[in-house]
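**Student:** Below you will find the structure I want to go over with you.
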Amino acid sequence: MDLGGGTWQRLTAAVLVMAVAVGCTGPGEGAGGGNDEDLLRNHDWTQMPGTTARNDILRVSASDRHIVEQDSSGGQPNPPLNLAGPHLRSDGDFTVTARMSGVGDDGGDSWLRLYGRVPVIYDEWRQERPSLRLGVTADGQVRVQIWDGEGDEPATSKDFDCGCSGTVTLAVSSIGDTFRIKADGRRLGTVQDPGVFAEGTVWFGLEADAGEDERREGWRLTQLIARAESGDSLRVIKAPRLRQEQSDESLRARAADVGRPFDVGAALAENPLLTDSRYRALAGSQFSMLTPENAFKPQFLHPRRGVYDFRDADLLVRFARANDMKVHAHTLVWHEALPSWMREDDDPEEVRRTMLRHIAMVAGHFKGKVAEWDVVNEPMSDDEKSYTNGDLGLRSEQSPWFEAMGEEYIDEAFRAAHRADPKARLFLNEYGVEEEGERWDALYDLIKRLKERGVPIDGVGFQNHEYAPGDRIDPETFRSHVRDLAELGVQARVSEMDVPIGEDEEDGRQTQADEMAGKLRVCLEEPTCTSFSTWGFTDRYGSTADTKIYPPRTADSLPWDAALRPKLAYERLIEAFDEA
C-alpha cells in the first residue's frame, strides 16, 4: 500500500519500540555480533500452520493453501508463516542457515521463506510484500525467488545446480545489496537484493509442495540459525503479548453501558494483529467482538480433503480470550472461498457428506470458544430473474451445496452446526437486504420457511456494505426489517458495514459518519438487534482497497484511516452510544 513516507517512519519507530519491549537479547546482539542465534530451540513454533513440532524438530507438511477469486477461478498460493513465533530485528548484514532433511525424497519441493514485510490478506486476495524464498526442488536444484512488493509473482527467480537430496544445509547471507547462497558449505552464487529487508525485520515461513503425490509426508527442519555479519547487531523478537490495555473512552466501554447485552465489533486479520502494534492495540481496546476476516473460511483452514489446520484461526480466538472479546465465527457454508477440491465431486450425496463433515469438524473444534456462527453466508441469488421465475431467489450459480441439495442444504447446515455447538447462536448472513425490494422479500420468506420447519436459526446478519451511493439506505427501512424478523422470533445484527467514499464525493466523510451512526442507532433502539460490526476498522488493511493496481491504493471506507487515526465516523459512533 502507498501510505506515504511519514507513515512508514512512524511504523518503523513502532516496530523498534516493540522490539525493545518484547525482544529477547541473544549473544549475537551488539558490537561485534557474529554469534549464532538458535531460532528453533527455546522458541515457539507450535503455532506455525502446516508443521508439527517435536523435540526441536519441525515436520513441514504440504498444506496446499490457495486463495481463489470470487468467481472460483485461479488459485493464488497462500503459504503460511510463523506469526506467533520468533522473528528477527537486524540493523545490517546477516546470515540465516537451515538444515533440511527429507528433501527431494518423494517428488516435492521444500522451502524456507524469509519475509521482510508480512503479506496482507484482503478478501480472497493476497498482497505479496518483499520476501525471499529459498529451497530445494524435486530435481535437486536450489531455487531462489524474490518478491519486491510490486506484484503477485516473483520479480526474480534463479536456479543453481546442486544435486541436493536427503539432508541439505542451505544458507543465505544478506550482504549489502546482494544475497549469497550456499549449500552444505559450498557457494552456489549470488542474487541481487532489491531491498527485501530494508525495514530490518525478518519473518519466517516454511512450505512443502506436494508435487504429483498428494500423500507426500513433507520434510523436516532440524536446525535454523541466524548470525549477524560485519559487526552488525541482530536480535530475536518473541511474539507480542495478546492482552491489550483497556480504556473507558472506547466503543466497547460504551457498548457495555447500553443496559442489555450488546456488542460492537470488527472483522480482524491475524497478519496485522501480530505484526502491527497499533492495529493490535486498537483491536483489543475498542471492540467487544471480533469476526475472523478470512481465517475461518474453508480454503484457509481446510485446504485439502481431510486436512485441517486451525492455527491461524486459533490465534484469533486466543486474542479474543486475552481481551475478553466474543468471537462471531465466519463462515461455515458459502459458495465462495472454497478450496478447489470441494468442487470436484459430482455425486450429490458426497457433496452433502463433505458439507456435514466440514461443519462437524470446524464447529466441533471451536465448541464453547465462539459465541456465534455465520452458518450460511449469502444464500440469495445475484440473478434478478431468480426472484420472479419460481426459484425463490436462492443462489444456484456456483453453489455446490444448492446444486446437490436445493434449499434443504440450509436446513441441514443449521442443524449440523447446532449439533456440533449447541450453545452458540446461529446466523444467516446476507448482503443487500437492508433495502426494500424482491431480494429482501425473498430472504424474509426463506427465514419464515426455516422457522416453520423448526430449523435452529437465531438471527440474520445485515452486511450493510455501502459500496456506492445507491447502496445507502434510510435507517428506518433497516429498522422495519429488524422488526419484521423480530415477529418471526429472529434476531438481527449489522455484520460487515463499510462505506467507501470517493475523493470527489462532496461531504463524503460526513455521509460516511451519518450512514454508520444511523445504523448503529437503530440497533441500539431495537432490542432484537444484538451487535454492530464493521468489515475491518482501518483503511490501512481495508478490503475495499483498489487491488487493480500494485501495491493496492487504500480506500476511504472505515472508522479509522490508513494512518490509524480516528475519523468523523468513529466520533459519530461514540456519540450514538452516548445518546442511547
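Identifiers in the C-alpha cells: chain A, B, ... in order shown; residue index from 1 per chain; ligand index from 1 in order shown.
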Would you kindly return, as a JSON list (two decimals) with N, CA and C atoms, in the first residue's frame, each protein, DNA or RNA residue with an atom no farther than 8 Å from any atom of A:Trp203, considering only C-alpha atoms and excluding same-chain residues fewer than 5 positions away?
**Tutor:**
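Output below, filename result39.json:
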[["chain", "number", "residue", "atom", "x", "y", "z"],
["A", 81, "LEU", "N", 3.00, -18.59, 7.53],
["A", 81, "LEU", "CA", 4.21, -18.11, 8.19],
["A", 81, "LEU", "C", 3.99, -18.15, 9.69],
["A", 82, "ASN", "N", 5.09, -18.04, 10.42],
["A", 82, "ASN", "CA", 5.06, -18.22, 11.88],
["A", 82, "ASN", "C", 4.82, -16.89, 12.57],
["A", 83, "LEU", "N", 3.56, -16.45, 12.61],
["A", 83, "LEU", "CA", 3.22, -15.17, 13.21],
["A", 83, "LEU", "C", 3.45, -15.15, 14.71],
["A", 86, "PRO", "N", 9.17, -16.72, 16.75],
["A", 86, "PRO", "CA", 10.25, -15.72, 16.72],
["A", 86, "PRO", "C", 10.43, -15.09, 15.34],
["A", 87, "HIS", "N", 10.82, -13.82, 15.35],
["A", 87, "HIS", "CA", 11.30, -13.19, 14.13],
["A", 87, "HIS", "C", 12.54, -12.36, 14.49],
["A", 88, "LEU", "N", 13.16, -11.76, 13.50],
["A", 88, "LEU", "CA", 14.45, -11.10, 13.71],
["A", 88, "LEU", "C", 14.32, -9.60, 13.52],
["A", 114, "LEU", "N", 11.69, -16.15, 3.84],
["A", 114, "LEU", "CA", 12.05, -15.04, 4.73],
["A", 114, "LEU", "C", 11.32, -13.80, 4.25],
["A", 115, "TYR", "N", 10.47, -13.26, 5.11],
["A", 115, "TYR", "CA", 9.65, -12.10, 4.75],
["A", 115, "TYR", "C", 10.24, -10.83, 5.35],
["A", 116, "GLY", "N", 10.50, -9.84, 4.50],
["A", 116, "GLY", "CA", 10.88, -8.53, 5.01],
["A", 116, "GLY", "C", 9.67, -7.78, 5.54],
["A", 117, "ARG", "N", 8.53, -8.01, 4.91],
["A", 117, "ARG", "CA", 7.26, -7.48, 5.38],
["A", 117, "ARG", "C", 6.20, -8.55, 5.16],
["A", 118, "VAL", "N", 5.35, -8.73, 6.15],
["A", 118, "VAL", "CA", 4.34, -9.79, 6.12],
["A", 118, "VAL", "C", 3.27, -9.45, 5.08]]
**Student:** Taking only stretch 217-289 of chain A into account, list the residues labelled strand (DSSP E or B) by DSSP (computed from the backbone), as a list in words.
**Tutor:**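 Checking each residue of stretch 217-289 of chain A, the strand (DSSP E or B) ones are Trp219, Arg220, Leu221, Thr222, Gln223, Leu224, Ile225, Ala226, Arg227, Ala228, Gly231, Leu234, Arg235, Val236, Ile237, Asp263, Val264, Gly265, Ala266, Ala267, Leu268 and Met289 of chain A.
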**Student:** If we count only C-alpha atoms, what is near A:Gln70 at a cut-off of 10 Å, once residues fewer than 4 positions away on the same chain are taken out, given as a ChimeraX atom specification?
**Tutor:** /A:74,123-125,335-338,398
**Student:** Go through A:Pro456, A:Gly218, A:Gly437, A:Pro130 one by one, measure the shortest atom-to-atom distance of each to A:Ser110 using only C-alpha atoms, and give the residue with the smallest value.
**Tutor:**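 With only C-alpha atoms as the atom set, the closest residue is A:Gly218.
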**Student:** Between atom CA of A:Leu316 and atom CA of A:Ala53, what is the distance, to one decimal in Å?
**Tutor:**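 According to the coordinates, atom CA of A:Leu316 and atom CA of A:Ala53 are separated by 20.6 Å.
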**Student:** Would you pick out the contacts of A:Asp314 at 10 Å or less, using only C-alpha atoms, so that residues sharing its chain but fewer than 2 positions from it are not included, and give the list as a list in words?
**Tutor:**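 Surrounding residues, per the criterion: Gln47, Glu270, Ala295, Phe296, Asp309, Phe310, Arg311, Asp312, Leu316, Val317, Arg318, Phe319, Ala320, His365, Phe366 and Lys369 of chain A.
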**Student:** Could you turn the residues from that selection into a file that holds C-alpha atoms, as a tab-separated table (two decimals), in the first residue's frame?
**Tutor:**
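The result, stored in result_5.tsv:
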chain	number	residue	atom	x	y	z
A	47	GLN	CA	1.52	-22.09	16.13
A	270	GLU	CA	-4.23	-12.29	12.01
A	295	ALA	CA	-9.10	-17.45	8.87
A	296	PHE	CA	-12.33	-19.46	9.39
A	309	ASP	CA	-5.15	-26.59	10.14
A	310	PHE	CA	-6.68	-24.34	12.78
A	311	ARG	CA	-3.54	-22.49	13.88
A	312	ASP	CA	-4.34	-19.08	12.34
A	316	LEU	CA	-7.71	-15.04	16.70
A	317	VAL	CA	-9.64	-16.97	19.34
A	318	ARG	CA	-6.68	-16.62	21.73
A	319	PHE	CA	-6.58	-12.89	21.09
A	320	ALA	CA	-10.30	-12.62	21.79
A	365	HIS	CA	-13.16	-27.72	17.16
A	366	PHE	CA	-14.41	-24.32	18.33
A	369	LYS	CA	-14.91	-20.94	22.19
**Student:** Give me, as a list in words, the residues of stretch 19-138 of chain A that a backbone DSSP run labels alpha helix (DSSP H).
**Tutor:**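 Those in stretch 19-138 of chain A that DSSP calls alpha helix (DSSP H) are Ala19, Val20, Ala21 and Val22 of chain A.
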**Student:** Hey, what's within 9 Å of A:Leu274 if we count only C-alpha atoms and toss same-chain stuff fewer than 4 positions away? As an MDAnalysis selection string, please?
**Tutor:** chainID A and resid 83:84 239:240 242 270 279:280
**Student:** What does the distance from atom CA of A:Tyr467 to atom CA of A:Ser340 come to in Å, to one decimal?
**Tutor:**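 That distance, rounded to one decimal, is 28.6 Å.
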